[in-house]
Structures are given as structure tokens and as C-alpha cells.
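Working notes, structure below.
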Amino acid sequence: MKVNRIGHRYFDSESGKTIDVWFPRSSKELKRSCLAEKVGIIKSDFISIEIETLDLPPKSTEEAYLRLHLLSERAVKPNEQNLDGLFTLLANVAWTSAGPVLPTKVDALRELITEENHHLVITSIDKFPRMTDYVIPEDVRIGDADRVRLGAHLAPGTTVMHEGFVNFNAGTLGVSMIEGRVTPGVVVGKNSDVGAGASIMGTLSGGGKQVNSIGERSLVGANAGIGISLGNECIVEAGLYVTAGTKVKMPDGKVLPARELSGQSGLLYRRNSQTGAVEAIHTDSSRWGGLNDSLHSNV
């Protein structure tokens with residue numbers, strides 16, 4: 001896949017370090033403006049970035065931003081491009097209501113805008129900005145925009161509730177409910193629900209390379225978690241964390257490490273309330289009822 005886009009770049013006036021790049025979908029020269037640029041803390045210009053292949057890692061901060069845009073625009077799905085080294089290419093930025101600046105320049109920014117009718121707010125200090133400041137995907141709902149990073153992939157019909165979180169190179173592949181944490185590399189299949197406080201181990205957890213996912217019509221209960229993949233029509237009961245090494249008792253009495261069940265469909269993981277043993281029994285999505293269609297019509 002070859003990509004060529006025009007973007008608007010902010011860079012630090014003193015060091016010349018790239019802070020961010022916005023790539024409008026139209027690829028037109030559309031300029032942003034902010035107080036940080038007005039008072040000279042940052043400058044801006046237009047750049048043209050061409051990516052010959054997504055199979056090779058990004059070579060610059062500008063290219064890294066374009067790749068994050070492609071994910072949030074749904075041009076590519078999570079894990080379909082090489083993002084090795086992306087973290088090291090991104091500057092740590094103070095994302096302020098007066099524009100993005102390097103954290104060391106916040107005090108200078110405050111001083112320079114004292115005559116402006118503006119109350120400075122710093123939403124975060126991070127390498128990644130909010131997705132919604134750069135890309136607005138169609139037919140989604142997001143309760144708290146601070147909890148969805150640029151580079152998240154949200155399919156039409158996705159609802160991210162206020163406590164939900166979706167990281168870069170992660171997201172949904174269809175209508176879904178996200179009330180928990182979806183970490184890098186993780187994808188959630190159509191008609192699945194990640195319950196409140198639930199989490200899925202991603203590729204950055206402990207530096208691992210295992211890519212976990214959730215299939216279709218599956219449920220991860222409230223405050224539950226998985227370190228394995230779930231197939232279609234699986235359930236993890238509320239409060240249960242199934243890691244790869246969790247010993248799971250099967251219906252025939254055999255005990256297996258959960259990694260051997262990774263990706264299998266039609267399993268309900270639960271903890272026996274009398275013995276404390278983690279068990280897996282056969283199930284389907286009718287046990288939890290599936291998503292409410294009326295709640296996921298995000299048009």
C-alpha cells in the first residue's frame with residue numbers, strides 16, 4: 001500500500017523539533033492556528049509525506065503521525081502495518097488549550113499569553129494526542145474523548161463509554177461496546193462487549209509479542225481480563241482474570257493452561273465459588289443475550 005498525503009506540521013521554534021502533524025483526509029493545505037503559534041513558541045508549515053510500503057517501520061515523526069491517522073481513518077486495521085520504533089519517533093508533548101508545546105515550554109507559554117482572553121488548560125502530557133482532535137470516524141460514540149488515542153481503530157457502531165479506553169493500533173472490527181481497556185495490538189470482533197473495568201493484555205504488556213483478540217458475540221465481564229485470545233461466542237465471568245498460565249478445568253475433568261485454549265470458540269470461563277478452581281464450560285452468546293441493537297445505532 002502506497003500512501004501520499006499533505007499535512008500541517010507544528011514544530012518547536014527554538015529546537016525545530018516536530019511536535020505533531022495533522023493530515024486532513026482531503027490532503028489539502030489546511031492550516032490550523034493557535035495561541036502558541038501566535039506568541040512564537042511554535043511554528044508551522046505544510047509537508048508532503050509519501051510511504052512506499054507499510055511493511056517497513058516509520059522513519060520520521062511525520063510518517064509516524066500519518067500511520068496513526070490511517071488507523072483512525074480505518075484505512076488500515078490494527079496489526080496491518082509495521083509500527084516498530086514508533087514510540088521513539090514521537091515527542092512527549094504538553095497538549096494545551098493554546099496549542100501543543102514541549103513540556104519545558106509551558107511556563108513560557110503561560111507568560112506570553114497573559115494578555116490574551118484565555119484560561120490555559122493542559123489536557124495531558126503524553127506522546128499521543130486525543131484521536132478526536134485529528135480524526136472523527138463516522139457512526140461511533142465516545143463518552144470521554146481523552147480516553148481514545150490517535151491511532152485507535154473504531155468500526156461503525158462502536159460505543160466507547162466514559163471509562164472505556166482504546167489505545168493506538170487497537171480497536172474494534174464491528175458494532176461493539178467498550179467499557180474497559182483495549183490495549184495495543186488488541187482487536188475486538190463484531191457484536192462483542194468489553195465490560196466495565198475489564199482489560200485485555202496487549203503487545204506492550206511486559207514487552208510481549210503475543211497478539212490477543214476477541215472474536216464475535218463475546219463478552220468480557222466487568223472487572224475481568226484476559227491474557228489469551230477469545231474465539232467467537234465466549235464469556236469471561238465478572239472479576240475473573242484469565243492469563244496464559246491460568247490452570248483451567250475442562251468439562252471432562254482435564255486441567256489445561258489457558259494458553260492451550262487461546263482462540264477457541266464457545267467457552268465460558270468462570271471460577272467455581274466453592275472450590276476456587278477456574279473452569280471452562282461450553283456456551284454460546286445466548287447465555288449473555290448479546291448487544292442491545294437500539295443502543296448501537298450511532299448514525
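By order of appearance in the C-alpha cells: chains A, B, ..., then residues from 1 within every chain, and ligands from 1 in the order shown.
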Just the residues within 6 Å of Ala224 (chain A), please, counting only C-alpha atoms, with nothing from its chain fewer than 2 positions along; format it as a PyMOL selection string.
-> chain A and resi 198+221-222+238-241
Export of prior selection with N, CA, C and O atoms as a PDB file, in the first residue's frame:
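Ended up saving to part-v5.pdb:
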ATOM      1  N   ALA A 198     -12.877  -3.974  32.644  1.00  0.00           N
ATOM      2  CA  ALA A 198     -12.183  -5.146  32.085  1.00  0.00           C
ATOM      3  C   ALA A 198     -10.963  -4.706  31.287  1.00  0.00           C
ATOM      4  O   ALA A 198     -10.856  -3.561  30.853  1.00  0.00           O
ATOM      5  N   GLY A 221     -16.615  -9.906  31.116  1.00  0.00           N
ATOM      6  CA  GLY A 221     -17.426  -9.318  32.167  1.00  0.00           C
ATOM      7  C   GLY A 221     -16.737  -8.174  32.890  1.00  0.00           C
ATOM      8  O   GLY A 221     -15.525  -7.949  32.756  1.00  0.00           O
ATOM      9  N   ALA A 222     -17.510  -7.450  33.688  1.00  0.00           N
ATOM     10  CA  ALA A 222     -16.992  -6.310  34.437  1.00  0.00           C
ATOM     11  C   ALA A 222     -15.819  -6.716  35.317  1.00  0.00           C
ATOM     12  O   ALA A 222     -15.861  -7.751  35.994  1.00  0.00           O
ATOM     13  N   ALA A 238     -17.558 -11.983  35.346  1.00  0.00           N
ATOM     14  CA  ALA A 238     -17.127 -10.760  36.016  1.00  0.00           C
ATOM     15  C   ALA A 238     -16.078 -11.063  37.081  1.00  0.00           C
ATOM     16  O   ALA A 238     -16.209 -12.008  37.861  1.00  0.00           O
ATOM     17  N   GLY A 239     -15.007 -10.260  37.074  1.00  0.00           N
ATOM     18  CA  GLY A 239     -13.982 -10.354  38.106  1.00  0.00           C
ATOM     19  C   GLY A 239     -12.928 -11.409  37.891  1.00  0.00           C
ATOM     20  O   GLY A 239     -11.974 -11.502  38.672  1.00  0.00           O
ATOM     21  N   LEU A 240     -13.035 -12.206  36.836  1.00  0.00           N
ATOM     22  CA  LEU A 240     -12.071 -13.287  36.593  1.00  0.00           C
ATOM     23  C   LEU A 240     -11.014 -12.840  35.590  1.00  0.00           C
ATOM     24  O   LEU A 240     -11.339 -12.396  34.490  1.00  0.00           O
ATOM     25  N   TYR A 241      -9.729 -12.965  35.956  1.00  0.00           N
ATOM     26  CA  TYR A 241      -8.638 -12.663  35.026  1.00  0.00           C
ATOM     27  C   TYR A 241      -8.000 -13.976  34.586  1.00  0.00           C
ATOM     28  O   TYR A 241      -7.464 -14.712  35.404  1.00  0.00           O
TER      29      TYR A 241
END
Near-Asp45 (chain A) list (10 Å; only C-alpha atoms; drop same-chain fewer than 6 positions) as a ChimeraX atom specification | /A:7-11,21,29,31-32
What does the file look like for those residues with N, CA, C and O atoms, as an mmCIF file, in the first residue's frame?
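What ended up in selection-v3.cif:
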data_model
loop_
_atom_site.group_PDB
_atom_site.id
_atom_site.type_symbol
_atom_site.label_atom_id
_atom_site.label_comp_id
_atom_site.auth_asym_id
_atom_site.auth_seq_id
_atom_site.Cartn_x
_atom_site.Cartn_y
_atom_site.Cartn_z
ATOM 1 N N GLY A 7 0.208 17.323 4.992
ATOM 2 C CA GLY A 7 -0.136 17.574 6.374
ATOM 3 C C GLY A 7 0.321 18.940 6.851
ATOM 4 O O GLY A 7 1.181 19.577 6.238
ATOM 5 N N HIS A 8 -0.274 19.380 7.951
ATOM 6 C CA HIS A 8 0.105 20.632 8.586
ATOM 7 C C HIS A 8 0.891 20.303 9.853
ATOM 8 O O HIS A 8 0.384 19.631 10.750
ATOM 9 N N ARG A 9 2.113 20.773 9.918
ATOM 10 C CA ARG A 9 3.032 20.399 10.996
ATOM 11 C C ARG A 9 3.262 21.554 11.949
ATOM 12 O O ARG A 9 3.458 22.698 11.547
ATOM 13 N N TYR A 10 3.263 21.253 13.257
ATOM 14 C CA TYR A 10 3.735 22.179 14.273
ATOM 15 C C TYR A 10 5.119 21.723 14.724
ATOM 16 O O TYR A 10 5.349 20.518 14.930
ATOM 17 N N PHE A 11 6.042 22.678 14.884
ATOM 18 C CA PHE A 11 7.369 22.328 15.397
ATOM 19 C C PHE A 11 7.843 23.406 16.365
ATOM 20 O O PHE A 11 7.417 24.577 16.298
ATOM 21 N N VAL A 21 1.641 16.455 13.594
ATOM 22 C CA VAL A 21 1.233 16.717 12.211
ATOM 23 C C VAL A 21 -0.227 16.295 12.071
ATOM 24 O O VAL A 21 -0.611 15.203 12.500
ATOM 25 N N GLU A 29 -4.029 21.694 1.666
ATOM 26 C CA GLU A 29 -3.223 22.518 2.567
ATOM 27 C C GLU A 29 -4.157 23.335 3.466
ATOM 28 O O GLU A 29 -4.473 24.487 3.206
ATOM 29 N N LYS A 31 -4.650 24.971 7.073
ATOM 30 C CA LYS A 31 -3.824 25.447 8.172
ATOM 31 C C LYS A 31 -4.620 25.517 9.472
ATOM 32 O O LYS A 31 -5.769 25.944 9.496
ATOM 33 N N ARG A 32 -3.994 25.090 10.552
ATOM 34 C CA ARG A 32 -4.534 25.298 11.888
ATOM 35 C C ARG A 32 -3.941 26.583 12.468
ATOM 36 O O ARG A 32 -2.970 27.119 11.937
#
Figure out the distance between CA of Thr158 (chain A) and CA of Gln264 (chain A), please, to one decimal in Å.
->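 Answer for the CA of Gln264 (chain A) to CA of Thr158 (chain A) separation: 23.9 Å.
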Expected answer as a ChimeraX atom specification: helix (DSSP H, G or I) residues in region 88-144 of chain A | /A:88-89,103-112,131-133
Find the residues near Ile42 (chain A): any atom within 12 Å, counting only C-alpha atoms, skip ones fewer than 6 places away on the same chain, and give them as a short mmCIF file (atom, residue, chain, number, x, y, z; two decimals) with N, CA and C atoms, in the first residue's frame.
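Saved result, result_9.cif, follows:
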data_model
loop_
_atom_site.label_atom_id
_atom_site.label_comp_id
_atom_site.auth_asym_id
_atom_site.auth_seq_id
_atom_site.Cartn_x
_atom_site.Cartn_y
_atom_site.Cartn_z
N ARG A 9 2.11 20.77 9.92
CA ARG A 9 3.03 20.40 11.00
C ARG A 9 3.26 21.55 11.95
N TYR A 10 3.26 21.25 13.26
CA TYR A 10 3.74 22.18 14.27
C TYR A 10 5.12 21.72 14.72
N PHE A 11 6.04 22.68 14.88
CA PHE A 11 7.37 22.33 15.40
C PHE A 11 7.84 23.41 16.37
N ASP A 12 8.70 23.02 17.29
CA ASP A 12 9.22 23.93 18.30
C ASP A 12 10.08 25.01 17.65
N SER A 13 9.80 26.27 17.97
CA SER A 13 10.50 27.38 17.33
C SER A 13 11.99 27.39 17.63
N GLU A 14 12.36 27.00 18.82
CA GLU A 14 13.77 27.06 19.22
C GLU A 14 14.57 25.88 18.71
N SER A 15 14.07 24.68 18.89
CA SER A 15 14.84 23.48 18.54
C SER A 15 14.51 22.93 17.15
N GLY A 16 13.36 23.31 16.61
CA GLY A 16 12.93 22.76 15.32
C GLY A 16 12.34 21.37 15.43
N LYS A 17 12.16 20.87 16.64
CA LYS A 17 11.65 19.52 16.84
C LYS A 17 10.18 19.44 16.47
N THR A 18 9.82 18.43 15.68
CA THR A 18 8.43 18.25 15.29
C THR A 18 7.59 17.88 16.50
N ILE A 19 6.48 18.58 16.66
CA ILE A 19 5.57 18.32 17.77
C ILE A 19 4.41 17.43 17.33
N ASP A 20 3.76 17.80 16.24
CA ASP A 20 2.67 16.96 15.73
C ASP A 20 2.46 17.29 14.26
N SER A 33 -4.51 27.07 13.55
CA SER A 33 -3.94 28.22 14.24
C SER A 33 -4.17 28.06 15.73
N CYS A 34 -3.25 28.60 16.53
CA CYS A 34 -3.37 28.51 17.97
C CYS A 34 -2.54 29.62 18.60
N LEU A 35 -2.79 29.87 19.88
CA LEU A 35 -2.07 30.93 20.59
C LEU A 35 -0.58 30.64 20.70
N ALA A 36 -0.22 29.37 20.85
CA ALA A 36 1.20 29.03 20.98
C ALA A 36 1.98 29.46 19.75
N ALA A 98 -4.04 26.09 24.28
CA ALA A 98 -3.43 27.12 23.45
C ALA A 98 -2.58 26.52 22.34
N GLY A 99 -2.61 25.19 22.22
CA GLY A 99 -1.83 24.50 21.20
C GLY A 99 -0.81 23.57 21.84
N PRO A 100 -0.28 22.61 21.07
CA PRO A 100 0.69 21.66 21.61
C PRO A 100 2.08 22.27 21.70
N VAL A 101 2.73 22.07 22.84
CA VAL A 101 4.09 22.59 23.03
C VAL A 101 4.91 21.55 23.78
N LEU A 102 6.23 21.69 23.71
CA LEU A 102 7.08 20.83 24.53
C LEU A 102 6.82 21.14 26.00
N LYS A 105 8.21 24.17 27.68
CA LYS A 105 7.81 25.49 27.21
C LYS A 105 6.46 25.95 27.79
N VAL A 106 5.89 25.17 28.68
CA VAL A 106 4.57 25.53 29.23
C VAL A 106 4.63 26.83 30.03
N ALA A 108 6.72 29.32 29.76
CA ALA A 108 6.89 30.44 28.84
C ALA A 108 5.59 30.76 28.12
N LEU A 109 4.85 29.72 27.77
CA LEU A 109 3.56 29.92 27.11
C LEU A 109 2.59 30.67 28.03
#
Running DSSP on the backbone, which parts of region 189-277 of chain A land in strand (DSSP E), as a count of residues only?
-> 26
Determine the nearest neighbour of Arg149 (chain A) from the options A:His118, A:Lys247, A:Arg130, A:Lys28, counting only C-alpha atoms.
->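 Smallest distance to Arg149 (chain A) is found for A:Arg130.
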If we count only C-alpha atoms, what is near region 144-147 of chain A at a cut-off of 6 Å, once residues fewer than 2 positions away on the same chain are taken out, given as a VMD selection string?
-> chain A and resid 130 142 162 165
Go through region 59-167 of chain A and flag each residue having an atom no more than 12 Å from region 274-298 of chain A; for those, report the closest pair of atoms plus their distance in Å to one decimal, using only C-alpha atoms, ordered by chain and rising number, as a tab-separated table.
residue	atom	partner	partner_atom	distance
A:Pro137	CA	A:Asn298	CA	11.1
A:Glu138	CA	A:Asn298	CA	8.5
A:Asp139	CA	A:Asn298	CA	4.8
A:Val140	CA	A:Asn298	CA	5.6
A:Arg141	CA	A:Asn298	CA	6.6
A:Ile142	CA	A:Asn298	CA	10.4
A:Ala155	CA	A:Asn298	CA	10.9
A:Pro156	CA	A:Asn298	CA	7.7
A:Gly157	CA	A:His296	CA	5.5
A:Thr158	CA	A:His296	CA	6.9
A:Thr159	CA	A:His296	CA	6.8
A:Val160	CA	A:His296	CA	10.5
A:Met161	CA	A:Leu295	CA	11.6
Go through A:Val39, A:Thr61, A:Leu219, A:Ser273 and flag the residue nearest Glu115 (chain A), using only C-alpha atoms for the distances.
->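 Under the stated criterion, the closest residue is A:Val39.
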Which one is closest to Leu71 (chain A): A:Thr246, A:Ser262, A:Ser97, A:Asn169? Count only C-alpha atoms.
-> A:Asn169
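A straight line drawn from CA of Asn117 (chain A) to CA of Ile136 (chain A) is 28.3 Å long.
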Leaving out Asn167 (chain A) and any residue of its chain fewer than 6 positions from it, which residues lie within 6 Å of it when counting only C-alpha atoms, given as a CSV table (one decimal) with N, CA, C and O atoms, in the first residue's frame?
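Wrote selection-v3.csv, looks like this:
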chain,number,residue,atom,x,y,z
A,149,ARG,N,-6.9,7.3,22.1
A,149,ARG,CA,-5.7,7.9,21.5
A,149,ARG,C,-5.8,7.9,19.9
A,149,ARG,O,-6.4,7.1,19.3
A,152,ALA,N,-6.2,4.8,17.3
A,152,ALA,CA,-7.3,3.8,17.6
A,152,ALA,C,-8.1,3.6,16.4
A,152,ALA,O,-8.3,4.5,15.6
A,183,THR,N,-5.9,-2.5,24.8
A,183,THR,CA,-4.5,-2.2,24.7
A,183,THR,C,-3.9,-2.4,23.3
A,183,THR,O,-4.5,-3.1,22.5
A,184,PRO,N,-2.7,-1.9,23.1
A,184,PRO,CA,-2.1,-2.0,21.7
A,184,PRO,C,-2.1,-3.4,21.1
A,184,PRO,O,-1.7,-4.4,21.8
Who sits within 7 Å of Glu216 (chain A), only C-alpha atoms, same chain under 6 positions skipped, as a list in words = Gly189, Lys190, Asn191, Ser192, Asn232 and Glu233 of chain A
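As for CA of Ile125 (chain A) and CA of Ile178 (chain A), they are spaced 24.2 Å apart.
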Would you please work out which residue, of A:Thr123, A:Ile47, A:Tyr134, A:Gly151, is nearest to Leu83 (chain A) when using only C-alpha atoms?
->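 So, comparing all the options, the nearest one is A:Gly151.
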